[in-house]
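Visitor: Got a structure for you, start.cif, holding mmCIF, C-alpha atoms and all ligand atoms.
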data_start
loop_
_atom_site.label_atom_id
_atom_site.label_comp_id
_atom_site.auth_asym_id
_atom_site.auth_seq_id
_atom_site.Cartn_x
_atom_site.Cartn_y
_atom_site.Cartn_z
CA MET L 1 -9.44 23.84 -50.67
CA GLN L 2 -6.18 22.92 -48.94
CA ASN L 3 -6.20 26.18 -47.02
CA SER L 4 -9.72 25.58 -45.86
CA LEU L 5 -8.79 22.10 -44.64
CA ILE L 6 -5.99 23.53 -42.51
CA ASP L 7 -8.24 26.38 -41.37
CA THR L 8 -10.85 23.88 -40.25
CA TYR L 9 -8.20 21.85 -38.49
CA ARG L 10 -6.89 24.90 -36.61
CA GLN L 11 -10.42 25.95 -35.63
CA ILE L 12 -11.27 22.53 -34.24
CA GLN L 13 -7.93 22.43 -32.43
CA GLN L 14 -8.78 25.79 -30.80
CA GLU L 15 -12.28 24.64 -29.92
CA ILE L 16 -10.93 21.47 -28.32
CA HIS L 17 -8.44 23.47 -26.27
CA SER L 18 -11.29 25.68 -25.01
CA LEU L 19 -13.44 22.67 -24.18
CA LEU L 20 -10.56 21.15 -22.21
CA ILE L 21 -10.05 24.35 -20.22
CA GLN L 22 -13.81 24.59 -19.58
CA ALA L 23 -13.72 21.03 -18.29
CA GLY L 24 -10.95 21.99 -15.88
CA ARG L 25 -8.35 20.06 -17.84
CA SER L 26 -5.05 21.19 -19.31
CA ALA L 27 -5.08 22.12 -23.00
CA ASP L 28 -2.61 19.36 -23.87
CA SER L 29 -4.35 16.54 -21.99
CA CYS L 30 -6.25 15.22 -25.01
CA GLU L 31 -4.81 14.43 -28.42
CA ILE L 32 -6.54 14.61 -31.77
CA LEU L 33 -6.19 11.53 -33.93
CA LEU L 34 -7.31 12.17 -37.49
CA ALA L 35 -9.29 9.25 -38.90
CA SER L 36 -8.06 9.33 -42.47
CA LYS L 37 -9.79 6.33 -44.04
CA GLN L 38 -10.62 6.97 -47.69
CA GLN L 39 -8.58 10.17 -47.66
CA PRO L 40 -5.93 10.25 -50.39
CA ALA L 41 -2.26 10.82 -49.56
CA GLU L 42 -2.29 14.32 -51.12
CA ILE L 43 -4.90 15.49 -48.62
CA ILE L 44 -3.12 13.87 -45.68
CA LYS L 45 0.15 15.43 -46.71
CA ASN L 46 -1.24 18.93 -46.13
CA LEU L 47 -1.93 18.07 -42.52
CA LEU L 48 1.50 16.51 -42.05
CA GLU L 49 3.02 19.67 -43.51
CA ALA L 50 0.95 21.73 -41.07
CA GLY L 51 2.55 19.78 -38.23
CA HIS L 52 -0.08 17.16 -37.43
CA HIS L 53 1.41 13.73 -36.84
CA LEU L 54 -1.27 11.49 -35.33
CA PHE L 55 -3.46 9.52 -37.73
CA GLY L 56 -5.71 6.48 -37.62
CA GLU L 57 -6.67 4.06 -40.37
CA ASN L 58 -9.32 1.35 -40.46
CA TYR L 59 -8.11 -1.04 -43.12
CA VAL L 60 -4.65 -2.61 -43.16
CA GLN L 61 -4.66 -3.02 -46.94
CA GLU L 62 -5.66 0.57 -47.64
CA ALA L 63 -3.09 1.86 -45.14
CA LEU L 64 -0.28 -0.20 -46.68
CA GLY L 65 -1.01 1.37 -50.05
CA LYS L 66 -0.97 4.88 -48.69
CA TRP L 67 1.37 5.33 -45.74
CA PRO L 68 4.85 3.85 -46.37
CA PRO L 69 6.02 6.77 -48.57
CA LEU L 70 4.54 9.31 -46.13
CA ARG L 71 6.23 7.56 -43.23
CA ALA L 72 9.57 7.89 -44.97
CA SER L 73 9.09 11.65 -45.40
CA TYR L 74 7.57 12.39 -41.99
CA PRO L 75 9.47 10.50 -39.28
CA LYS L 76 7.33 12.06 -36.52
CA LEU L 77 4.27 10.27 -37.84
CA ARG L 78 2.35 8.06 -35.40
CA LEU L 79 -0.10 5.73 -37.05
CA HIS L 80 -2.87 3.88 -35.21
CA LEU L 81 -5.03 1.03 -36.44
CA ILE L 82 -8.57 1.88 -35.32
CA GLY L 83 -10.49 -0.71 -37.36
CA PRO L 84 -11.01 -4.42 -36.69
CA LEU L 85 -7.96 -6.64 -37.16
CA GLN L 86 -8.15 -10.14 -38.61
CA THR L 87 -5.50 -12.57 -37.46
CA ASN L 88 -4.21 -13.11 -41.01
CA LYS L 89 -3.33 -9.38 -41.19
CA VAL L 90 -1.40 -9.25 -37.92
CA ALA L 91 2.08 -9.37 -39.49
CA ALA L 92 1.24 -6.67 -42.02
CA ALA L 93 -0.40 -4.50 -39.38
CA LEU L 94 2.63 -4.67 -37.09
CA SER L 95 4.95 -3.80 -39.95
CA LEU L 96 3.15 -0.47 -40.40
CA PHE L 97 1.22 0.70 -37.34
CA ASP L 98 2.68 2.09 -34.11
CA VAL L 99 -0.42 1.44 -32.08
CA ILE L 100 -3.21 -1.12 -32.49
CA GLU L 101 -6.42 0.16 -30.86
CA SER L 102 -8.64 -2.79 -31.71
CA VAL L 103 -7.36 -5.63 -29.51
CA ASP L 104 -10.58 -7.36 -28.53
CA ARG L 105 -9.94 -11.10 -28.07
CA PRO L 106 -7.31 -13.37 -26.52
CA LYS L 107 -6.56 -15.14 -29.82
CA LEU L 108 -5.71 -11.83 -31.51
CA ALA L 109 -3.62 -10.75 -28.53
CA GLU L 110 -1.65 -14.01 -28.72
CA MET L 111 -0.99 -13.56 -32.43
CA LEU L 112 0.16 -9.97 -31.85
CA ALA L 113 2.51 -11.02 -29.05
CA LYS L 114 4.00 -13.79 -31.19
CA GLU L 115 4.43 -11.61 -34.25
CA GLN L 116 5.84 -8.73 -32.21
CA GLN L 117 8.54 -11.04 -30.96
CA LYS L 118 9.19 -12.44 -34.42
CA GLN L 119 9.65 -8.96 -35.89
CA SER L 120 11.63 -7.80 -32.82
CA LEU L 121 9.19 -4.96 -32.25
CA GLN L 122 7.58 -3.40 -29.19
CA LYS L 123 4.30 -1.75 -30.17
CA GLU L 124 1.55 -0.21 -28.07
CA TYR L 125 -2.03 -1.36 -27.72
CA PHE L 126 -5.53 -0.35 -26.71
CA VAL L 127 -8.17 -2.87 -25.76
CA GLN L 128 -11.40 -2.12 -27.60
CA VAL L 129 -14.51 -2.42 -25.45
CA ASN L 130 -17.96 -3.09 -26.88
CA THR L 131 -19.64 -0.85 -24.32
CA GLY L 132 -23.05 -1.22 -26.00
CA SER L 133 -22.78 -5.03 -26.28
CA GLU L 134 -23.72 -4.84 -29.96
CA ASP L 135 -23.51 -8.15 -31.85
CA GLN L 136 -22.12 -6.67 -35.05
CA LYS L 137 -19.46 -4.55 -33.38
CA GLY L 138 -15.91 -5.42 -32.42
CA GLY L 139 -14.75 -5.13 -28.84
CA ILE L 140 -14.63 -7.21 -25.69
CA PRO L 141 -17.71 -7.14 -23.44
CA PRO L 142 -17.30 -4.71 -20.51
CA GLN L 143 -17.36 -7.47 -17.89
CA LYS L 144 -14.46 -9.28 -19.61
CA THR L 145 -12.30 -6.22 -20.17
CA GLN L 146 -10.08 -6.48 -17.14
CA GLU L 147 -9.42 -10.16 -17.79
CA LEU L 148 -8.31 -9.38 -21.36
CA VAL L 149 -6.13 -6.46 -20.27
CA VAL L 150 -4.32 -8.67 -17.75
CA PHE L 151 -3.99 -11.43 -20.34
CA CYS L 152 -2.41 -9.00 -22.81
CA GLN L 153 0.01 -7.68 -20.20
CA ASN L 154 1.00 -11.19 -19.18
CA ILE L 155 1.99 -12.11 -22.72
CA GLY L 156 4.06 -8.95 -23.20
CA LEU L 157 1.72 -6.47 -24.87
CA LYS L 158 2.11 -2.91 -23.69
CA VAL L 159 -1.49 -1.84 -23.08
CA LYS L 160 -1.87 1.94 -22.93
CA GLY L 161 -5.62 2.25 -22.57
CA LEU L 162 -9.13 1.43 -23.71
CA MET L 163 -11.07 2.36 -26.83
CA THR L 164 -14.79 2.40 -27.58
CA ILE L 165 -17.23 3.24 -30.36
CA PRO L 166 -20.62 3.83 -28.70
CA PRO L 167 -23.82 2.60 -30.39
CA ALA L 168 -24.91 5.11 -33.03
CA ASP L 169 -28.46 5.29 -31.71
CA GLN L 170 -27.72 5.96 -28.03
CA HIS L 171 -26.46 8.87 -26.00
CA PRO L 172 -22.70 8.36 -25.76
CA ALA L 173 -22.25 9.65 -22.19
CA PRO L 174 -22.96 6.37 -20.34
CA HIS L 175 -20.58 4.57 -22.71
CA PHE L 176 -17.79 7.05 -22.12
CA SER L 177 -18.35 6.90 -18.36
CA LEU L 178 -18.25 3.12 -18.45
CA LEU L 179 -14.99 3.17 -20.40
CA TYR L 180 -13.54 5.62 -17.89
CA SER L 181 -14.40 3.44 -14.90
CA LEU L 182 -13.12 0.29 -16.62
CA ALA L 183 -9.81 2.02 -17.33
CA GLN L 184 -9.56 3.10 -13.68
CA ARG L 185 -10.14 -0.46 -12.57
CA CYS L 186 -7.47 -1.72 -14.97
CA GLY L 187 -4.98 0.99 -13.97
CA LEU L 188 -4.88 2.38 -17.50
CA LYS L 189 -4.47 6.08 -18.33
CA GLU L 190 -5.44 6.43 -21.97
CA LEU L 191 -9.02 6.67 -23.21
CA SER L 192 -9.61 6.65 -26.96
CA MET L 193 -13.17 7.94 -27.20
CA GLY L 194 -15.06 10.71 -28.94
CA MET L 195 -15.72 11.15 -32.66
CA SER L 196 -17.08 14.01 -34.80
CA GLN L 197 -20.60 13.73 -33.36
CA ASP L 198 -19.72 13.54 -29.69
CA TYR L 199 -16.23 14.83 -28.94
CA PRO L 200 -17.36 17.66 -26.59
CA ILE L 201 -19.00 15.04 -24.35
CA ALA L 202 -15.97 12.77 -24.56
CA ILE L 203 -13.73 15.64 -23.43
CA ARG L 204 -15.91 16.26 -20.37
CA LEU L 205 -15.82 12.56 -19.53
CA GLY L 206 -12.05 12.21 -19.62
CA SER L 207 -11.06 11.30 -23.18
CA THR L 208 -7.31 11.47 -23.79
CA GLN L 209 -7.64 10.90 -27.52
CA LEU L 210 -10.42 11.94 -29.88
CA ARG L 211 -10.76 10.23 -33.24
CA LEU L 212 -11.99 12.78 -35.76
CA GLY L 213 -12.85 12.16 -39.39
CA THR L 214 -15.73 14.04 -41.01
CA LYS L 215 -15.38 17.03 -38.70
CA ILE L 216 -12.02 17.77 -40.34
CA PHE L 217 -12.22 16.15 -43.77
CA GLY L 218 -15.94 16.59 -44.51
CA PRO L 219 -18.33 13.75 -45.36
CA ARG L 220 -16.94 10.48 -46.71
CA PRO L 221 -18.54 8.77 -49.70
CA PRO L 222 -21.37 6.56 -48.33
CA LYS L 223 -19.54 3.26 -49.18
CA ASN L 224 -18.40 2.35 -45.65
CA ASN L 225 -19.18 4.32 -42.50
C1 LIG L 301 -14.22 6.62 -39.11
C2 LIG L 301 -13.91 6.45 -37.68
C3 LIG L 301 -13.81 7.55 -36.82
C4 LIG L 301 -14.10 8.96 -37.24
O1 LIG L 301 -15.47 9.12 -37.38
P1 LIG L 301 -16.10 10.55 -37.71
O2 LIG L 301 -17.51 10.39 -37.29
O3 LIG L 301 -15.92 10.76 -39.15
O4 LIG L 301 -15.38 11.54 -36.90
C5 LIG L 301 -13.45 7.30 -35.50
N1 LIG L 301 -13.22 6.06 -35.04
C6 LIG L 301 -13.33 4.98 -35.84
C7 LIG L 301 -13.06 3.64 -35.27
C8 LIG L 301 -13.68 5.14 -37.17
O5 LIG L 301 -13.81 4.07 -37.95
#
Mind turning this structure into structure tokens?
Guide:
Amino acid sequence: MQNSLIDTYRQIQQEIHSLLIQAGRSADSCEILLASKQQPAEIIKNLLEAGHHLFGENYVQEALGKWPPLRASYPKLRLHLIGPLQTNKVAAALSLFDVIESVDRPKLAEMLAKEQQKQSLQKEYFVQVNTGSEDQKGGIPPQKTQELVVFCQNIGLKVKGLMTIPPADQHPAPHFSLLYSLAQRCGLKELSMGMSQDYPIAIRLGSTQLRLGTKIFGPRPPKNN
């Protein structure tokens, strides 16, 4: 079981390298973030042992229960928050995560800036864009993205790039292209886009960080996506 997890991981890593080369990109120009929500620490540990250090979690509470001991044992770990962040969880989130990928409103950005200062921390951020303008989904509307990026920068948040989760029922390509052009306009280099269903397309369209869950870990229990 553990061997097959690492085997799968290595295979996907190889495949991603090939896809990058095919796209005329260098093999190290796109990172793999493993989306480890609902995965127990014992499973995650195998990947850390195999040398993988980039992980993403969706829920602050779940991550706080799981990651502090792992962080102590694996100092190379980089942990991203990829799920929505409520303002009452900002302090907890900053105490654990290295990067927050779900900055999507000025109020949240202000709270993060304030708390960052209070905890004497300098974290990194992605602005999440709701490229499909879906009501139920987090993210800033595309037309307000640049304004929010500038706002974040002005209050001292180090914005590395943009993140999107395309609508489940649409072809992802236009969403990835939109994110790419928004990032260009904002002068940002990092693009967090591409999941298990669509990472080959995301690679062709300039992703610098894929977020993979089921492709590596297998299906999650149906509870939450
Ligand atoms: C769960 C999740 C992923 C991974 O999704 P898979 O389809 O399992 O690869 C990526 N990004 C976010 C924001 C997620 O919540």
Visitor: May I have the residues within 8 Å of region 133-142 of chain L as a VMD selection string, using all atoms listed in the file and disregarding those fewer than 2 positions away in the same chain?
Guide: chain L and resid 84 102 to 105 127 to 131 144 to 145 148 164 167 182
Visitor: So that I can check the surroundings of Ser181 (chain L), please list as a JSON list (two decimals) with C-alpha atoms, in the frame of the given file every protein, DNA and RNA residue that reaches within 12 Å of it, counting all atoms listed in the file and ignoring chain neighbours fewer than 6 positions away.
Guide:
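Once written, around_29.json looks like this:
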[["chain", "number", "residue", "atom", "x", "y", "z"],
["L", 131, "THR", "CA", -19.64, -0.85, -24.32],
["L", 142, "PRO", "CA", -17.30, -4.71, -20.51],
["L", 143, "GLN", "CA", -17.36, -7.47, -17.89],
["L", 145, "THR", "CA", -12.30, -6.22, -20.17],
["L", 146, "GLN", "CA", -10.08, -6.48, -17.14],
["L", 161, "GLY", "CA", -5.62, 2.25, -22.57],
["L", 162, "LEU", "CA", -9.13, 1.43, -23.71],
["L", 174, "PRO", "CA", -22.96, 6.37, -20.34],
["L", 175, "HIS", "CA", -20.58, 4.57, -22.71],
["L", 187, "GLY", "CA", -4.98, 0.99, -13.97],
["L", 188, "LEU", "CA", -4.88, 2.38, -17.50],
["L", 189, "LYS", "CA", -4.47, 6.08, -18.33],
["L", 190, "GLU", "CA", -5.44, 6.43, -21.97],
["L", 191, "LEU", "CA", -9.02, 6.67, -23.21],
["L", 205, "LEU", "CA", -15.82, 12.56, -19.53],
["L", 206, "GLY", "CA", -12.05, 12.21, -19.62],
["L", 207, "SER", "CA", -11.06, 11.30, -23.18]]
Visitor: How many Å lie between CA of Asn46 (chain L) and CA of Pro219 (chain L), rounded to one decimal?
Guide: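 Separation between CA of Asn46 (chain L) and CA of Pro219 (chain L): 17.9 Å.
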Visitor: Chain L near ligand LIG 301 (chain L) within 12 Å: what's each residue's closest atom pair and its distance in Å to one decimal, counting all atoms listed in the file, ordered by chain then ascending residue number, as JSON lines?
Guide:
{"residue": "L:Ile32", "atom": "CA", "partner": "L:LIG301", "partner_atom": "O4", "distance": 10.7}
{"residue": "L:Leu33", "atom": "CA", "partner": "L:LIG301", "partner_atom": "C5", "distance": 8.5}
{"residue": "L:Leu34", "atom": "CA", "partner": "L:LIG301", "partner_atom": "C4", "distance": 7.5}
{"residue": "L:Ala35", "atom": "CA", "partner": "L:LIG301", "partner_atom": "C4", "distance": 5.1}
{"residue": "L:Ser36", "atom": "CA", "partner": "L:LIG301", "partner_atom": "C1", "distance": 7.5}
{"residue": "L:Lys37", "atom": "CA", "partner": "L:LIG301", "partner_atom": "C1", "distance": 6.6}
{"residue": "L:Gln38", "atom": "CA", "partner": "L:LIG301", "partner_atom": "C1", "distance": 9.3}
{"residue": "L:Gln39", "atom": "CA", "partner": "L:LIG301", "partner_atom": "C1", "distance": 10.8}
{"residue": "L:Phe55", "atom": "CA", "partner": "L:LIG301", "partner_atom": "C5", "distance": 10.5}
{"residue": "L:Gly56", "atom": "CA", "partner": "L:LIG301", "partner_atom": "N1", "distance": 8.0}
{"residue": "L:Glu57", "atom": "CA", "partner": "L:LIG301", "partner_atom": "O5", "distance": 7.5}
{"residue": "L:Asn58", "atom": "CA", "partner": "L:LIG301", "partner_atom": "O5", "distance": 5.8}
{"residue": "L:Tyr59", "atom": "CA", "partner": "L:LIG301", "partner_atom": "O5", "distance": 9.2}
{"residue": "L:His80", "atom": "CA", "partner": "L:LIG301", "partner_atom": "C7", "distance": 10.2}
{"residue": "L:Leu81", "atom": "CA", "partner": "L:LIG301", "partner_atom": "C7", "distance": 8.5}
{"residue": "L:Ile82", "atom": "CA", "partner": "L:LIG301", "partner_atom": "C7", "distance": 4.8}
{"residue": "L:Gly83", "atom": "CA", "partner": "L:LIG301", "partner_atom": "C7", "distance": 5.5}
{"residue": "L:Pro84", "atom": "CA", "partner": "L:LIG301", "partner_atom": "C7", "distance": 8.4}
{"residue": "L:Leu85", "atom": "CA", "partner": "L:LIG301", "partner_atom": "C7", "distance": 11.6}
{"residue": "L:Ile100", "atom": "CA", "partner": "L:LIG301", "partner_atom": "C7", "distance": 11.3}
{"residue": "L:Glu101", "atom": "CA", "partner": "L:LIG301", "partner_atom": "C7", "distance": 8.7}
{"residue": "L:Ser102", "atom": "CA", "partner": "L:LIG301", "partner_atom": "C7", "distance": 8.6}
{"residue": "L:Gln128", "atom": "CA", "partner": "L:LIG301", "partner_atom": "C7", "distance": 9.7}
{"residue": "L:Val129", "atom": "CA", "partner": "L:LIG301", "partner_atom": "C7", "distance": 11.6}
{"residue": "L:Asn130", "atom": "CA", "partner": "L:LIG301", "partner_atom": "C7", "distance": 11.8}
{"residue": "L:Lys137", "atom": "CA", "partner": "L:LIG301", "partner_atom": "C7", "distance": 10.6}
{"residue": "L:Gly138", "atom": "CA", "partner": "L:LIG301", "partner_atom": "C7", "distance": 9.9}
{"residue": "L:Gly139", "atom": "CA", "partner": "L:LIG301", "partner_atom": "C7", "distance": 11.0}
{"residue": "L:Met163", "atom": "CA", "partner": "L:LIG301", "partner_atom": "C7", "distance": 8.8}
{"residue": "L:Thr164", "atom": "CA", "partner": "L:LIG301", "partner_atom": "C7", "distance": 8.0}
{"residue": "L:Ile165", "atom": "CA", "partner": "L:LIG301", "partner_atom": "C7", "distance": 6.5}
{"residue": "L:Pro166", "atom": "CA", "partner": "L:LIG301", "partner_atom": "N1", "distance": 10.0}
{"residue": "L:Pro167", "atom": "CA", "partner": "L:LIG301", "partner_atom": "C7", "distance": 11.9}
{"residue": "L:Ala168", "atom": "CA", "partner": "L:LIG301", "partner_atom": "O2", "distance": 10.0}
{"residue": "L:Ser192", "atom": "CA", "partner": "L:LIG301", "partner_atom": "N1", "distance": 8.9}
{"residue": "L:Met193", "atom": "CA", "partner": "L:LIG301", "partner_atom": "N1", "distance": 8.1}
{"residue": "L:Gly194", "atom": "CA", "partner": "L:LIG301", "partner_atom": "C5", "distance": 7.6}
{"residue": "L:Met195", "atom": "CA", "partner": "L:LIG301", "partner_atom": "O4", "distance": 4.3}
{"residue": "L:Ser196", "atom": "CA", "partner": "L:LIG301", "partner_atom": "O4", "distance": 3.7}
{"residue": "L:Gln197", "atom": "CA", "partner": "L:LIG301", "partner_atom": "O2", "distance": 6.0}
{"residue": "L:Asp198", "atom": "CA", "partner": "L:LIG301", "partner_atom": "O2", "distance": 8.5}
{"residue": "L:Tyr199", "atom": "CA", "partner": "L:LIG301", "partner_atom": "O4", "distance": 8.7}
{"residue": "L:Gln209", "atom": "CA", "partner": "L:LIG301", "partner_atom": "C5", "distance": 10.5}
{"residue": "L:Leu210", "atom": "CA", "partner": "L:LIG301", "partner_atom": "C5", "distance": 7.9}
{"residue": "L:Arg211", "atom": "CA", "partner": "L:LIG301", "partner_atom": "C5", "distance": 4.6}
{"residue": "L:Leu212", "atom": "CA", "partner": "L:LIG301", "partner_atom": "O4", "distance": 3.8}
{"residue": "L:Gly213", "atom": "CA", "partner": "L:LIG301", "partner_atom": "O3", "distance": 3.4}
{"residue": "L:Thr214", "atom": "CA", "partner": "L:LIG301", "partner_atom": "O3", "distance": 3.8}
{"residue": "L:Lys215", "atom": "CA", "partner": "L:LIG301", "partner_atom": "O4", "distance": 5.8}
{"residue": "L:Ile216", "atom": "CA", "partner": "L:LIG301", "partner_atom": "O4", "distance": 7.9}
{"residue": "L:Phe217", "atom": "CA", "partner": "L:LIG301", "partner_atom": "O3", "distance": 8.0}
{"residue": "L:Gly218", "atom": "CA", "partner": "L:LIG301", "partner_atom": "O3", "distance": 7.9}
{"residue": "L:Pro219", "atom": "CA", "partner": "L:LIG301", "partner_atom": "O3", "distance": 7.3}
{"residue": "L:Arg220", "atom": "CA", "partner": "L:LIG301", "partner_atom": "O3", "distance": 7.6}
{"residue": "L:Pro221", "atom": "CA", "partner": "L:LIG301", "partner_atom": "O3", "distance": 11.1}
{"residue": "L:Pro222", "atom": "CA", "partner": "L:LIG301", "partner_atom": "O3", "distance": 11.5}
{"residue": "L:Lys223", "atom": "CA", "partner": "L:LIG301", "partner_atom": "C1", "distance": 11.9}
{"residue": "L:Asn224", "atom": "CA", "partner": "L:LIG301", "partner_atom": "C1", "distance": 8.9}
{"residue": "L:Asn225", "atom": "CA", "partner": "L:LIG301", "partner_atom": "C1", "distance": 6.4}
Visitor: Nearest residue to Ser18 (chain L) out of L:Arg204, L:Lys107, L:Lys89, L:His171, using all atoms listed in the file?
Guide: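 Of all the options, L:Arg204 lies closest to Ser18 (chain L).
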Visitor: So what do you get for CA of Asp7 (chain L) versus CA of Asp28 (chain L), distance-wise?
Guide: 19.7 Å
Visitor: Compile the contact shell of Lys114 (chain L) as a PyMOL selection string: residues with an atom at most 10 Å away, counting all atoms listed in the file, same-chain residues fewer than 2 positions apart removed.
Guide: chain L and resi 90-91+108-112+116-120+155-157
Visitor: With all atoms listed in the file as the basis for distance, which of L:Ile16, L:Ala50, L:Ala173, L:Ile6 is at the shortest distance from Thr208 (chain L)?
Guide: L:Ile16
Visitor: Would you give the centre and edge lengths, in Å to one decimal, of a box along x, y and z around the listed atoms of region 123-127 of chain L, with 3 Å added to each side, as AutoDock Vina command-line options?
Guide:
--center_x -1.9 --center_y -1.5 --center_z -28.0 --size_x 18.5 --size_y 8.7 --size_z 10.4
Visitor: Find the residues around Glu15 (chain L) up to 12 Å (only C-alpha atoms counted), leave out those fewer than 4 positions away in its own chain, and share them as a PDB file with C-alpha atoms, in the coordinates of the input.
Guide:
ATOM      1  CA  THR L   8     -10.850  23.880 -40.250  1.00  0.00           C
ATOM      2  CA  TYR L   9      -8.200  21.850 -38.490  1.00  0.00           C
ATOM      3  CA  ARG L  10      -6.890  24.900 -36.610  1.00  0.00           C
ATOM      4  CA  GLN L  11     -10.420  25.950 -35.630  1.00  0.00           C
ATOM      5  CA  LEU L  19     -13.440  22.670 -24.180  1.00  0.00           C
ATOM      6  CA  LEU L  20     -10.560  21.150 -22.210  1.00  0.00           C
ATOM      7  CA  ILE L  21     -10.050  24.350 -20.220  1.00  0.00           C
ATOM      8  CA  GLN L  22     -13.810  24.590 -19.580  1.00  0.00           C
ATOM      9  CA  ALA L  27      -5.080  22.120 -23.000  1.00  0.00           C
ATOM     10  CA  ILE L  32      -6.540  14.610 -31.770  1.00  0.00           C
ATOM     11  CA  TYR L 199     -16.230  14.830 -28.940  1.00  0.00           C
ATOM     12  CA  PRO L 200     -17.360  17.660 -26.590  1.00  0.00           C
ATOM     13  CA  ILE L 203     -13.730  15.640 -23.430  1.00  0.00           C
TER      14      ILE L 203
END
Visitor: Using only C-alpha atoms for the distances, tell me which of L:Leu96, L:Gln13, L:Gln184, L:Thr87 is nearest to Arg71 (chain L).
Guide: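 Of the candidates, the smallest distance to Arg71 (chain L) is held by L:Leu96.
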Visitor: One decimal, Å: what's the distance from CA of Phe151 (chain L) over to CA of Pro106 (chain L), could you say?
Guide: 7.3 Å
Visitor: Pick the closest to Ser4 (chain L) from L:Glu42, L:Gly24, L:Leu47, L:Asp98: which is it, counting all atoms listed in the file?
Guide: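 Residue with the minimum atom-to-atom distance to Ser4 (chain L): L:Leu47.
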Visitor: Phe97 (chain L): which residues within 6 Å, counting only C-alpha atoms, same-chain residues fewer than 3 positions away excluded, as a list in words?
Guide: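 In the requested form, the answer reads Leu79, His80, Ala93 and Leu94 of chain L.
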